[in-house]
file model-v9.txt (compact mmCIF, C-alpha atoms)
# COMPACT_ATOMS: atom_id res chain seq x y z
CA MET A 1 38.73 144.35 -90.52
CA ILE A 2 41.98 145.85 -91.82
CA PRO A 3 40.39 148.24 -94.36
CA ILE A 4 38.04 149.50 -91.64
CA ARG A 5 40.95 150.11 -89.29
CA VAL A 6 42.91 151.89 -92.00
CA PHE A 7 39.86 154.04 -92.76
CA LEU A 8 39.40 154.88 -89.10
CA LEU A 9 43.09 155.70 -88.72
CA ILE A 10 42.92 158.11 -91.66
CA LEU A 11 39.79 159.63 -90.18
CA LEU A 12 41.54 160.10 -86.85
CA ILE A 13 44.55 161.79 -88.46
CA ALA A 14 42.46 164.03 -90.70
CA ALA A 15 39.88 164.94 -88.09
CA PRO A 16 41.67 167.82 -86.33
CA SER A 17 42.34 169.73 -89.54
CA LEU A 18 38.80 169.13 -90.81
CA ALA A 19 37.38 170.22 -87.49
CA SER A 20 39.43 173.41 -87.32
CA ALA A 21 38.42 174.28 -90.89
CA GLN A 22 34.77 173.94 -89.94
CA GLN A 23 34.76 175.66 -86.58
CA ALA A 24 36.05 179.08 -85.68
CA MET A 25 35.18 180.89 -82.50
CA ASN A 26 32.32 183.30 -82.91
CA TYR A 27 32.48 186.82 -81.50
CA GLU A 28 30.70 185.79 -78.31
CA ASP A 29 33.06 182.92 -77.51
CA ALA A 30 36.16 184.94 -78.41
CA SER A 31 35.07 187.94 -76.34
CA ALA A 32 34.04 185.76 -73.40
CA LEU A 33 37.42 183.99 -73.53
CA LEU A 34 39.17 187.36 -73.45
CA GLY A 35 37.08 188.55 -70.52
CA ALA A 36 37.51 185.33 -68.55
CA SER A 37 41.25 184.88 -69.13
CA CYS A 38 42.34 188.51 -69.04
CA GLY A 39 39.76 190.27 -66.86
CA LYS A 40 42.12 190.74 -63.91
CA ASP A 41 45.00 191.70 -66.20
CA ILE A 42 42.82 194.36 -67.81
CA ASP A 43 41.80 195.70 -64.41
CA ASP A 44 45.39 195.76 -63.16
CA ASN A 45 47.20 196.97 -66.26
CA CYS A 46 44.79 198.37 -68.82
CA ARG A 47 42.42 200.47 -66.73
CA GLY A 48 40.48 202.80 -68.98
CA VAL A 49 40.66 200.61 -72.09
CA ASN A 50 37.31 199.40 -73.40
CA LEU A 51 36.65 196.20 -75.37
CA ASP A 52 38.96 197.32 -78.14
CA PRO A 53 41.25 194.50 -79.39
CA PRO A 54 44.05 196.65 -80.89
CA ARG A 55 44.34 198.83 -77.77
CA LEU A 56 44.10 195.86 -75.41
CA LYS A 57 46.73 194.00 -77.41
CA GLU A 58 49.03 197.00 -77.26
CA CYS A 59 48.49 197.18 -73.49
CA PHE A 60 49.22 193.45 -73.02
CA ILE A 61 52.43 193.75 -75.04
CA ARG A 62 53.51 196.88 -73.17
CA ASN A 63 52.92 195.15 -69.82
CA GLY A 64 54.29 191.79 -70.94
CA ASP A 65 55.88 190.79 -67.63
CA SER A 66 52.83 191.65 -65.56
CA ILE A 67 50.34 189.77 -67.73
CA SER A 68 49.25 186.37 -66.41
CA ALA A 69 50.26 183.21 -68.25
CA LYS A 70 46.60 182.33 -68.83
CA CYS A 71 45.95 185.68 -70.48
CA ARG A 72 49.15 185.46 -72.54
CA ASP A 73 48.02 182.04 -73.78
CA ASP A 74 44.47 183.03 -74.59
CA TYR A 75 44.44 186.60 -75.84
CA PRO A 76 46.11 185.83 -79.21
CA ARG A 77 43.44 183.16 -79.86
CA ALA A 78 40.63 185.54 -78.97
CA PHE A 79 41.99 188.45 -81.02
CA ASN A 80 42.80 186.19 -83.98
CA ALA A 81 39.30 184.74 -83.93
CA ILE A 82 37.69 188.20 -83.95
CA GLN A 83 40.04 189.59 -86.61
CA GLY A 84 39.85 186.38 -88.66
CA ARG A 85 36.09 186.56 -88.82
CA ILE A 86 36.11 190.25 -89.74
CA THR A 87 38.66 189.64 -92.51
CA ALA A 88 36.76 186.60 -93.78
CA ARG A 89 33.61 188.71 -94.08
CA ILE A 90 35.43 191.46 -95.95
CA THR A 91 37.03 189.05 -98.43
CA LEU A 92 33.95 186.87 -98.89
CA ALA A 93 32.68 188.67 -101.99
CA LYS A 94 36.07 188.38 -103.64
CA LEU A 95 36.43 184.67 -102.92
CA CYS A 96 32.86 183.98 -104.01
CA ASN A 97 32.96 186.30 -107.01
CA TRP A 98 32.22 183.49 -109.48
CA GLU A 99 29.19 182.35 -107.48
CA LEU A 100 27.87 185.89 -107.10
CA ASN A 101 28.20 186.47 -110.85
CA HIS A 102 26.73 183.16 -111.96
CA LEU A 103 24.14 182.45 -109.29
CA CYS A 104 23.04 185.79 -107.99
CA GLY A 105 22.65 187.83 -111.18
CA THR A 106 20.81 191.04 -110.53
CA VAL A 107 21.03 191.03 -106.73
CA ARG A 108 24.82 190.56 -106.60
CA GLN A 109 25.48 194.30 -106.31
CA ASP A 110 23.28 194.59 -103.23
CA PRO A 111 25.49 193.62 -100.26
CA VAL A 112 22.60 192.26 -98.20
CA LYS A 113 20.64 190.46 -100.92
CA GLY A 114 23.85 189.29 -102.63
CA LEU A 115 25.00 187.65 -99.40
CA GLN A 116 21.61 186.09 -98.74
CA CYS A 117 21.56 184.71 -102.31
CA LEU A 118 25.06 183.30 -101.87
CA LEU A 119 24.12 181.52 -98.67
CA ALA A 120 20.96 180.14 -100.25
CA ALA A 121 22.97 178.65 -103.15
CA THR A 122 24.66 176.20 -100.78
CA ARG A 123 24.97 173.25 -103.15
CA SER A 124 26.34 175.14 -106.13
CA VAL A 125 29.29 176.93 -104.57
CA THR A 126 32.93 175.98 -105.16
CA PRO A 127 35.01 174.50 -102.30
CA ASN A 128 36.97 177.76 -101.91
CA CYS A 129 33.80 179.81 -101.63
CA ASN A 130 32.37 177.28 -99.22
CA LYS A 131 35.50 177.57 -97.09
CA ALA A 132 35.19 181.36 -97.15
CA ILE A 133 31.55 181.16 -96.03
CA ILE A 134 32.52 178.90 -93.13
CA ALA A 135 35.43 181.17 -92.13
CA ALA A 136 33.03 184.12 -92.11
CA GLY A 137 30.85 182.19 -89.67
CA PHE A 138 27.84 182.11 -91.95
CA ARG A 139 27.57 178.31 -91.98
CA MET B 10 41.08 128.30 -81.71
CA GLY B 11 41.50 130.16 -78.42
CA VAL B 12 44.42 132.18 -79.81
CA ARG B 13 42.44 133.06 -82.97
CA SER B 14 39.42 134.28 -81.04
CA GLN B 15 41.72 136.34 -78.79
CA THR B 16 43.33 137.95 -81.87
CA LEU B 17 39.90 138.70 -83.36
CA ARG B 18 38.75 140.20 -80.08
CA SER B 19 41.87 142.41 -79.81
CA LYS B 20 41.40 143.55 -83.44
CA ALA B 21 37.78 144.38 -82.74
CA LEU B 22 38.77 146.28 -79.60
CA GLY B 23 41.42 148.19 -81.56
CA GLY B 24 38.83 149.14 -84.18
CA LEU B 25 36.40 150.24 -81.52
CA ALA B 26 39.09 152.32 -79.82
CA LEU B 27 39.89 154.06 -83.10
CA LEU B 28 36.20 154.65 -83.76
CA ALA B 29 35.73 156.10 -80.28
CA GLY B 30 38.80 158.32 -80.79
CA ALA B 31 37.43 159.60 -84.09
CA ILE B 32 34.05 160.35 -82.52
CA ILE B 33 35.69 162.25 -79.67
CA VAL B 34 37.88 164.29 -82.01
CA PHE B 35 34.97 165.10 -84.33
CA SER B 36 32.65 166.04 -81.54
CA ALA B 37 35.21 168.24 -79.72
CA PRO B 38 34.54 171.41 -81.75
CA ALA B 39 30.89 171.18 -80.77
CA LEU B 40 31.99 172.36 -77.34
CA HIS B 41 32.75 175.74 -78.87
CA ALA B 42 29.84 175.72 -81.30
CA GLN B 43 27.34 178.53 -81.17
CA PRO B 44 24.12 177.57 -79.39
CA ALA B 45 22.17 177.49 -82.63
CA ALA B 46 18.70 177.29 -81.11
CA ALA B 47 19.26 180.22 -78.75
CA THR B 48 20.82 182.36 -81.47
CA GLY B 49 18.08 181.32 -83.89
CA SER B 50 15.32 182.52 -81.59
CA LEU B 51 17.24 185.73 -80.90
CA LEU B 52 17.49 186.34 -84.64
CA ASP B 53 13.74 185.87 -85.03
CA GLN B 54 13.14 188.16 -82.08
CA LEU B 55 15.15 190.96 -83.70
CA VAL B 56 13.75 190.91 -87.23
CA GLY B 57 12.83 194.51 -88.03
CA PRO B 58 9.35 195.98 -87.55
CA GLU B 59 6.77 195.65 -90.34
CA THR B 60 5.92 199.31 -90.17
CA GLU B 61 8.75 201.67 -89.43
CA PRO B 62 8.17 203.94 -86.45
CA ASP B 63 8.96 207.61 -86.72
CA ILE B 64 11.48 208.08 -83.92
CA ASP B 65 13.35 211.36 -83.71
CA MET B 66 16.38 210.69 -81.50
CA ALA B 67 17.27 214.33 -81.03
CA ALA B 68 13.72 215.15 -80.00
CA LEU B 69 13.63 212.20 -77.61
CA ARG B 70 16.87 213.30 -75.93
CA GLN B 71 15.52 216.81 -75.67
CA GLN B 72 12.26 215.55 -74.21
CA ALA B 73 14.09 213.54 -71.53
CA ALA B 74 16.33 216.46 -70.59
CA GLN B 75 13.34 218.79 -70.50
CA ARG B 76 11.35 216.47 -68.24
CA ILE B 77 14.23 216.42 -65.75
CA LYS B 78 14.80 220.16 -65.94
CA SER B 79 11.15 220.96 -65.35
CA ARG B 80 11.11 218.49 -62.43
CA ALA B 81 8.12 216.73 -63.96
CA ASP B 82 7.19 213.21 -62.77
CA LEU B 83 9.42 213.55 -59.74
CA ALA B 84 8.37 210.32 -58.05
CA PRO B 85 10.05 207.39 -59.84
CA LEU B 86 7.25 205.06 -58.79
CA LYS B 87 4.71 207.07 -60.78
CA ARG B 88 6.97 208.12 -63.63
CA PRO B 89 5.63 207.10 -67.05
CA PRO B 90 8.11 205.79 -69.65
CA ILE B 91 9.54 208.62 -71.73
CA ALA B 92 9.47 206.58 -74.96
CA PRO B 93 6.54 204.13 -74.80
CA GLU B 94 6.76 203.66 -78.58
CA LEU B 95 10.07 201.82 -78.14
CA LEU B 96 8.40 199.18 -75.97
CA LYS B 97 6.28 197.96 -78.90
CA LEU B 98 9.25 197.30 -81.21
CA PRO B 99 11.21 194.05 -81.65
CA GLN B 100 13.92 194.05 -79.01
CA TYR B 101 16.32 192.07 -76.88
CA ASP B 102 17.12 192.92 -73.26
CA PHE B 103 20.61 192.23 -72.00
CA ASP B 104 22.76 193.02 -68.98
CA VAL B 105 26.07 194.78 -69.33
CA VAL B 106 28.23 195.52 -66.32
CA PHE B 107 30.11 198.81 -66.48
CA ASP B 108 32.72 200.32 -64.19
CA PRO B 109 30.94 202.44 -61.56
CA ASP B 110 29.95 205.87 -62.90
CA SER B 111 31.73 205.05 -66.13
CA ALA B 112 30.99 203.81 -69.64
CA LEU B 113 33.75 201.20 -69.60
CA VAL B 114 32.40 197.70 -70.20
CA ARG B 115 33.63 195.26 -67.54
CA PRO B 116 35.46 192.17 -68.86
CA GLN B 117 32.74 189.83 -67.55
CA SER B 118 30.35 191.43 -70.05
CA TYR B 119 32.61 191.07 -73.11
CA GLY B 120 30.83 187.85 -74.09
CA THR B 121 27.46 189.61 -74.01
CA ILE B 122 28.69 192.34 -76.36
CA GLY B 123 30.17 189.64 -78.59
CA ARG B 124 26.78 187.91 -78.69
CA ILE B 125 25.10 191.13 -79.83
CA ALA B 126 27.78 191.48 -82.52
CA ASP B 127 27.19 187.89 -83.69
CA VAL B 128 23.47 188.49 -83.95
CA LEU B 129 23.66 191.89 -85.66
CA SER B 130 26.13 190.62 -88.26
CA ASP B 131 23.92 187.68 -89.19
CA PRO B 132 22.76 187.93 -92.82
CA LYS B 133 19.14 187.66 -91.68
CA LEU B 134 19.35 190.92 -89.70
CA ARG B 135 21.60 192.92 -92.02
CA PRO B 136 18.74 194.80 -93.64
CA TYR B 137 17.75 196.44 -90.34
CA VAL B 138 18.74 199.44 -88.26
CA TYR B 139 19.01 199.09 -84.48
CA LEU B 140 18.97 201.35 -81.47
CA VAL B 141 21.13 200.63 -78.44
CA VAL B 142 19.24 201.82 -75.36
CA ALA B 143 20.94 202.16 -71.98
CA HIS B 144 19.23 202.88 -68.65
CA THR B 145 20.09 203.51 -65.02
CA ASP B 146 18.30 202.87 -61.76
CA ALA B 147 16.79 205.77 -59.80
CA ASN B 148 19.74 206.13 -57.41
CA GLY B 149 21.68 209.38 -57.65
CA LYS B 150 20.91 212.54 -59.56
CA ARG B 151 18.41 212.28 -62.38
CA ASP B 152 20.33 214.46 -64.86
CA ALA B 153 23.61 212.68 -64.09
CA ASN B 154 21.88 209.34 -64.70
CA LEU B 155 20.63 210.55 -68.07
CA ALA B 156 24.12 211.66 -69.08
CA LEU B 157 25.72 208.43 -67.83
CA SER B 158 23.23 206.24 -69.69
CA GLN B 159 23.92 208.16 -72.93
CA LYS B 160 27.66 207.56 -72.49
CA ARG B 161 27.00 203.87 -71.86
CA ALA B 162 24.76 203.49 -74.90
CA ASP B 163 27.43 205.26 -76.99
CA SER B 164 30.09 202.99 -75.52
CA ILE B 165 28.23 199.80 -76.53
CA ARG B 166 27.62 201.22 -79.99
CA ASP B 167 31.28 202.23 -80.34
CA VAL B 168 32.46 198.73 -79.43
CA LEU B 169 30.05 197.11 -81.89
CA VAL B 170 31.12 199.45 -84.68
CA GLY B 171 34.83 199.76 -83.84
CA SER B 172 35.71 196.27 -82.67
CA PHE B 173 33.22 194.09 -84.56
CA LYS B 174 32.73 196.25 -87.67
CA ILE B 175 28.97 196.46 -87.52
CA ALA B 176 28.08 199.19 -90.03
CA ALA B 177 27.82 202.54 -88.23
CA LYS B 178 24.71 203.49 -90.16
CA ARG B 179 22.90 200.45 -88.76
CA LEU B 180 23.34 201.50 -85.16
CA GLN B 181 22.10 204.42 -83.14
CA ALA B 182 22.38 204.92 -79.39
CA ILE B 183 20.31 206.60 -76.76
CA GLY B 184 20.48 206.79 -72.98
CA LEU B 185 17.21 207.16 -71.14
CA GLY B 186 18.60 207.37 -67.61
CA GLU B 187 15.84 206.67 -65.11
CA GLU B 188 13.15 208.02 -67.44
CA GLN B 189 12.09 204.56 -68.68
CA LEU B 190 12.49 202.28 -65.67
CA GLN B 191 12.53 198.57 -66.44
CA ASP B 192 10.98 197.79 -63.06
CA SER B 193 9.02 200.87 -62.08
CA ALA B 194 7.78 199.19 -58.90
CA HIS B 195 11.40 198.97 -57.69
CA PRO B 196 13.16 202.09 -59.03
CA ALA B 197 16.37 201.46 -57.08
CA SER B 198 16.69 197.87 -58.26
CA ALA B 199 19.71 196.83 -60.32
CA VAL B 200 17.25 195.35 -62.84
CA ASN B 201 16.91 198.90 -64.11
CA LEU B 202 20.55 198.96 -65.22
CA GLY B 203 19.81 196.71 -68.19
CA ALA B 204 20.16 197.66 -71.83
CA GLN B 205 18.27 196.83 -74.99
CA ILE B 206 18.88 196.49 -78.66
CA VAL B 207 15.74 197.62 -80.50
CA ALA B 208 14.95 197.14 -84.20
CA ILE B 209 13.84 200.54 -85.46
CA GLY B 210 13.83 200.31 -89.24
CA THR B 211 15.54 199.22 -92.42
CA VAL B 212 18.88 200.30 -93.85
CA PRO B 213 18.66 202.76 -96.72
CA GLN B 214 19.80 201.08 -99.96
CA ALA B 215 23.59 201.51 -100.20
CA PRO B 216 26.64 199.28 -99.63
CA ALA B 217 27.19 198.50 -95.94
CA THR B 218 30.68 198.32 -94.41
CA ASP B 219 29.99 195.05 -92.60
CA ALA B 220 28.69 193.41 -95.73
CA PRO B 221 30.98 191.82 -98.30
CA PRO B 222 32.10 194.61 -100.65
CA ALA B 223 31.61 194.14 -104.35
CA PRO B 224 34.81 193.15 -106.16
CA LYS B 225 36.59 195.93 -108.01
CA ALA B 226 35.14 196.74 -111.40
CA PRO B 227 37.37 195.74 -114.34
CA ALA B 228 37.66 199.39 -115.39
CA ALA B 229 38.96 200.39 -111.95
CA ALA B 230 41.44 197.53 -111.95
CA ALA B 231 42.70 198.49 -115.41
CA LYS B 232 43.06 202.10 -114.33
CA LYS B 233 45.15 201.01 -111.34
CA LYS B 234 47.47 199.01 -113.60
CA THR B 235 48.20 202.00 -115.82
CA LYS B 236 49.45 203.97 -112.79
CA HIS B 237 52.59 201.82 -112.55
call {"tool": "encode", "arguments": {"input": "model-v9.txt", "output": "structure tokens"}}
result
Amino acid sequence: MIPIRVFLLILLIAAPSLASAQQAMNYEDASALLGASCGKDIDDNCRGVNLDPPRLKECFIRNGDSISAKCRDDYPRAFNAIQGRITARITLAKLCNWELNHLCGTVRQDPVKGLQCLLAATRSVTPNCNKAIIAAGFR
Amino acid sequence: MGVRSQTLRSKALGGLALLAGAIIVFSAPALHAQPAAATGSLLDQLVGPETEPDIDMAALRQQAAQRIKSRADLAPLKRPPIAPELLKLPQYDFDVVFDPDSALVRPQSYGTIGRIADVLSDPKLRPYVYLVVAHTDANGKRDANLALSQKRADSIRDVLVGSFKIAAKRLQAIGLGEEQLQDSAHPASAVNLGAQIVAIGTVPQAPATDAPPAPKAPAAAAKKKTKH
């Protein structure tokens, strides 16, 4: 019984970090969160600004005192999720350079086919590359 | 004996509680997970056409403006679609709420735009070029509706390119005003305010900005070093 309990305890402690590594908000969830939490704040303080994270962020900071607590809590998460995914996609080729060179040969230079090859080579990629693929939202 | 069985039972309960806790923690992220089936079918729906249509955007805009100017097809109920060729292509209809008489996307539609960005940036659809099509209902002036729908199509495209880094060369935008009514039997209906994303072809072979860039060539890296 004890080894099982120890195992479960470890699992429970490790779970949040494993879960956050595996799941990042996609664009839809991040944008919906922004709209739901900050819709009124945008109407009241950022009239004329479209769905443009840098400009909205600037507006929220400029109007700090007038922004609702809910929006203040949620907009960094939404913006970070969008920016994080964009950055992960830009750096993917660098972090998976070894895989692209060794597994994707001739198609590696083609951004579309290189990416498709990389995603198809699921079992052969290194943990770092795998992490990069997950952060980019491709798995 | 009674004490032993009580201890065993409490140990078993403790183990079960831990197991339940672990299951809850592991399943929590699923609440935020992408609806895979829905996205999957959307991806299939938007795979590019087998034969690429020859669509001249400038000519189509001109044709719409000309039809309005010449006061052709005045009755919305009998007005034929200005671009019937678009109706045959792979597409996805979606609703975006804008500020009245404006191209500003309302916050309640942010999630919808995010969904389009998720789909367009999927590796499966990266080889294709898409057209954002915006429409209006038949309320108001016909030429103003055409202009407003073009601004709205441009606005959606700008958000996808600017905020979600979808490659600009993969996206075009056109507003068809009330010249291609979604529900021609009810020209004033809000159904006609919908938008579409239409697959219109494949990307010409060249590196895309929303695709992972190739790492720097060794020669370029060496050259950079010598600058210091």
call {"tool": "atom_distance", "arguments": {"input": "model-v9.txt", "atom1": "atom CA of Ala32 of chain A", "atom2": "atom CA of Gly184 of chain B"}}
result
25.0 Å
call {"tool": "residues_around", "arguments": {"input": "model-v9.txt", "residues": "segment 40-45 of chain A", "least_positions_apart": "4", "cutoff": "10 Å", "atoms": "only C-alpha atoms", "output": "PDB file with C-alpha atoms, in the frame of the given file"}}
result
ATOM      1  CA  LEU A  34      39.170 187.360 -73.450  1.00  0.00           C
ATOM      2  CA  GLY A  35      37.080 188.550 -70.520  1.00  0.00           C
ATOM      3  CA  ALA A  36      37.510 185.330 -68.550  1.00  0.00           C
ATOM      4  CA  VAL A  49      40.660 200.610 -72.090  1.00  0.00           C
ATOM      5  CA  ASN A  50      37.310 199.400 -73.400  1.00  0.00           C
ATOM      6  CA  LEU A  51      36.650 196.200 -75.370  1.00  0.00           C
ATOM      7  CA  LEU A  56      44.100 195.860 -75.410  1.00  0.00           C
ATOM      8  CA  CYS A  59      48.490 197.180 -73.490  1.00  0.00           C
ATOM      9  CA  PHE A  60      49.220 193.450 -73.020  1.00  0.00           C
ATOM     10  CA  ARG A  62      53.510 196.880 -73.170  1.00  0.00           C
ATOM     11  CA  ASN A  63      52.920 195.150 -69.820  1.00  0.00           C
ATOM     12  CA  GLY A  64      54.290 191.790 -70.940  1.00  0.00           C
ATOM     13  CA  SER A  66      52.830 191.650 -65.560  1.00  0.00           C
ATOM     14  CA  ILE A  67      50.340 189.770 -67.730  1.00  0.00           C
ATOM     15  CA  SER A  68      49.250 186.370 -66.410  1.00  0.00           C
ATOM     16  CA  LYS A  70      46.600 182.330 -68.830  1.00  0.00           C
ATOM     17  CA  CYS A  71      45.950 185.680 -70.480  1.00  0.00           C
ATOM     18  CA  ARG A  72      49.150 185.460 -72.540  1.00  0.00           C
TER      19      ARG A  72
ATOM     20  CA  ARG B 115      33.630 195.260 -67.540  1.00  0.00           C
ATOM     21  CA  PRO B 116      35.460 192.170 -68.860  1.00  0.00           C
TER      22      PRO B 116
END
call {"tool": "closest_residue", "arguments": {"input": "model-v9.txt", "among": "B:Val128, B:Ile175, B:Leu202, B:Ile209", "to": "Arg89 of chain A", "atoms": "all atoms listed in the file"}}
result
B:Ile175
call {"tool": "interface_residues", "arguments": {"input": "model-v9.txt", "of": "chain A", "to": "chain B", "cutoff": "6 Å", "atoms": "only C-alpha atoms", "output": "PyMOL selection string"}}
result
chain A and resi 5+12+27-28+31-32+35+39+50+52+89-90+92-94+111
call {"tool": "write_last_selection", "arguments": {"input": "model-v9.txt", "atoms": "C-alpha atoms", "output": "PDB file, keeping the file's coordinate frame"}}
result
ATOM      1  CA  ARG A   5      40.950 150.110 -89.290  1.00  0.00           C
ATOM      2  CA  LEU A  12      41.540 160.100 -86.850  1.00  0.00           C
ATOM      3  CA  TYR A  27      32.480 186.820 -81.500  1.00  0.00           C
ATOM      4  CA  GLU A  28      30.700 185.790 -78.310  1.00  0.00           C
ATOM      5  CA  SER A  31      35.070 187.940 -76.340  1.00  0.00           C
ATOM      6  CA  ALA A  32      34.040 185.760 -73.400  1.00  0.00           C
ATOM      7  CA  GLY A  35      37.080 188.550 -70.520  1.00  0.00           C
ATOM      8  CA  GLY A  39      39.760 190.270 -66.860  1.00  0.00           C
ATOM      9  CA  ASN A  50      37.310 199.400 -73.400  1.00  0.00           C
ATOM     10  CA  ASP A  52      38.960 197.320 -78.140  1.00  0.00           C
ATOM     11  CA  ARG A  89      33.610 188.710 -94.080  1.00  0.00           C
ATOM     12  CA  ILE A  90      35.430 191.460 -95.950  1.00  0.00           C
ATOM     13  CA  LEU A  92      33.950 186.870 -98.890  1.00  0.00           C
ATOM     14  CA  ALA A  93      32.680 188.670-101.990  1.00  0.00           C
ATOM     15  CA  LYS A  94      36.070 188.380-103.640  1.00  0.00           C
ATOM     16  CA  PRO A 111      25.490 193.620-100.260  1.00  0.00           C
TER      17      PRO A 111
END
call {"tool": "residues_near_point", "arguments": {"input": "model-v9.txt", "point": "(16.7, 209.7, -77.2)", "cutoff": "10 Å", "atoms": "only C-alpha atoms", "output": "ChimeraX atom specification"}}
result
/B:64-74,91-92,140,142,155,159,181-185
call {"tool": "closest_residue", "arguments": {"input": "model-v9.txt", "among": "B:Ala208, B:Val56, B:Leu157, B:Ala194", "to": "Pro109 of chain B", "atoms": "all atoms listed in the file"}}
result
B:Leu157
call {"tool": "residues_around", "arguments": {"input": "model-v9.txt", "residues": "Cys129 of chain A", "least_positions_apart": "5", "cutoff": "10 Å", "atoms": "all atoms listed in the file", "output": "PDB file with C-alpha atoms, keeping the file's coordinate frame"}}
result
ATOM      1  CA  LEU A  92      33.950 186.870 -98.890  1.00  0.00           C
ATOM      2  CA  ALA A  93      32.680 188.670-101.990  1.00  0.00           C
ATOM      3  CA  LYS A  94      36.070 188.380-103.640  1.00  0.00           C
ATOM      4  CA  LEU A  95      36.430 184.670-102.920  1.00  0.00           C
ATOM      5  CA  CYS A  96      32.860 183.980-104.010  1.00  0.00           C
ATOM      6  CA  ASN A  97      32.960 186.300-107.010  1.00  0.00           C
ATOM      7  CA  TRP A  98      32.220 183.490-109.480  1.00  0.00           C
ATOM      8  CA  GLU A  99      29.190 182.350-107.480  1.00  0.00           C
ATOM      9  CA  LEU A 118      25.060 183.300-101.870  1.00  0.00           C
ATOM     10  CA  THR A 122      24.660 176.200-100.780  1.00  0.00           C
ATOM     11  CA  SER A 124      26.340 175.140-106.130  1.00  0.00           C
ATOM     12  CA  ILE A 134      32.520 178.900 -93.130  1.00  0.00           C
ATOM     13  CA  ALA A 135      35.430 181.170 -92.130  1.00  0.00           C
TER      14      ALA A 135
END
call {"tool": "atom_distance", "arguments": {"input": "model-v9.txt", "atom1": "atom CA of Lys160 of chain B", "atom2": "atom CA of Ser193 of chain B"}}
result
22.4 Å
call {"tool": "atom_distance", "arguments": {"input": "model-v9.txt", "atom1": "atom CA of Cys117 of chain A", "atom2": "atom CA of Leu100 of chain A"}}
result
8.0 Å
call {"tool": "residues_around", "arguments": {"input": "model-v9.txt", "residues": "Ile133 of chain A", "least_positions_apart": "3", "cutoff": "8 Å", "atoms": "all atoms listed in the file", "output": "ChimeraX atom specification"}}
result
/A:88,92,119,129-130,136-139
call {"tool": "residues_around", "arguments": {"input": "model-v9.txt", "residues": "Leu83 of chain B", "least_positions_apart": "3", "cutoff": "12 Å", "atoms": "all atoms listed in the file", "output": "PDB file with C-alpha atoms, keeping the file's coordinate frame"}}
result
ATOM      1  CA  ARG B  76      11.350 216.470 -68.240  1.00  0.00           C
ATOM      2  CA  ILE B  77      14.230 216.420 -65.750  1.00  0.00           C
ATOM      3  CA  LYS B  78      14.800 220.160 -65.940  1.00  0.00           C
ATOM      4  CA  SER B  79      11.150 220.960 -65.350  1.00  0.00           C
ATOM      5  CA  ARG B  80      11.110 218.490 -62.430  1.00  0.00           C
ATOM      6  CA  LEU B  86       7.250 205.060 -58.790  1.00  0.00           C
ATOM      7  CA  LYS B  87       4.710 207.070 -60.780  1.00  0.00           C
ATOM      8  CA  ARG B  88       6.970 208.120 -63.630  1.00  0.00           C
ATOM      9  CA  PRO B  89       5.630 207.100 -67.050  1.00  0.00           C
ATOM     10  CA  ALA B 147      16.790 205.770 -59.800  1.00  0.00           C
ATOM     11  CA  LYS B 150      20.910 212.540 -59.560  1.00  0.00           C
ATOM     12  CA  ARG B 151      18.410 212.280 -62.380  1.00  0.00           C
ATOM     13  CA  GLU B 187      15.840 206.670 -65.110  1.00  0.00           C
ATOM     14  CA  GLU B 188      13.150 208.020 -67.440  1.00  0.00           C
TER      15      GLU B 188
END
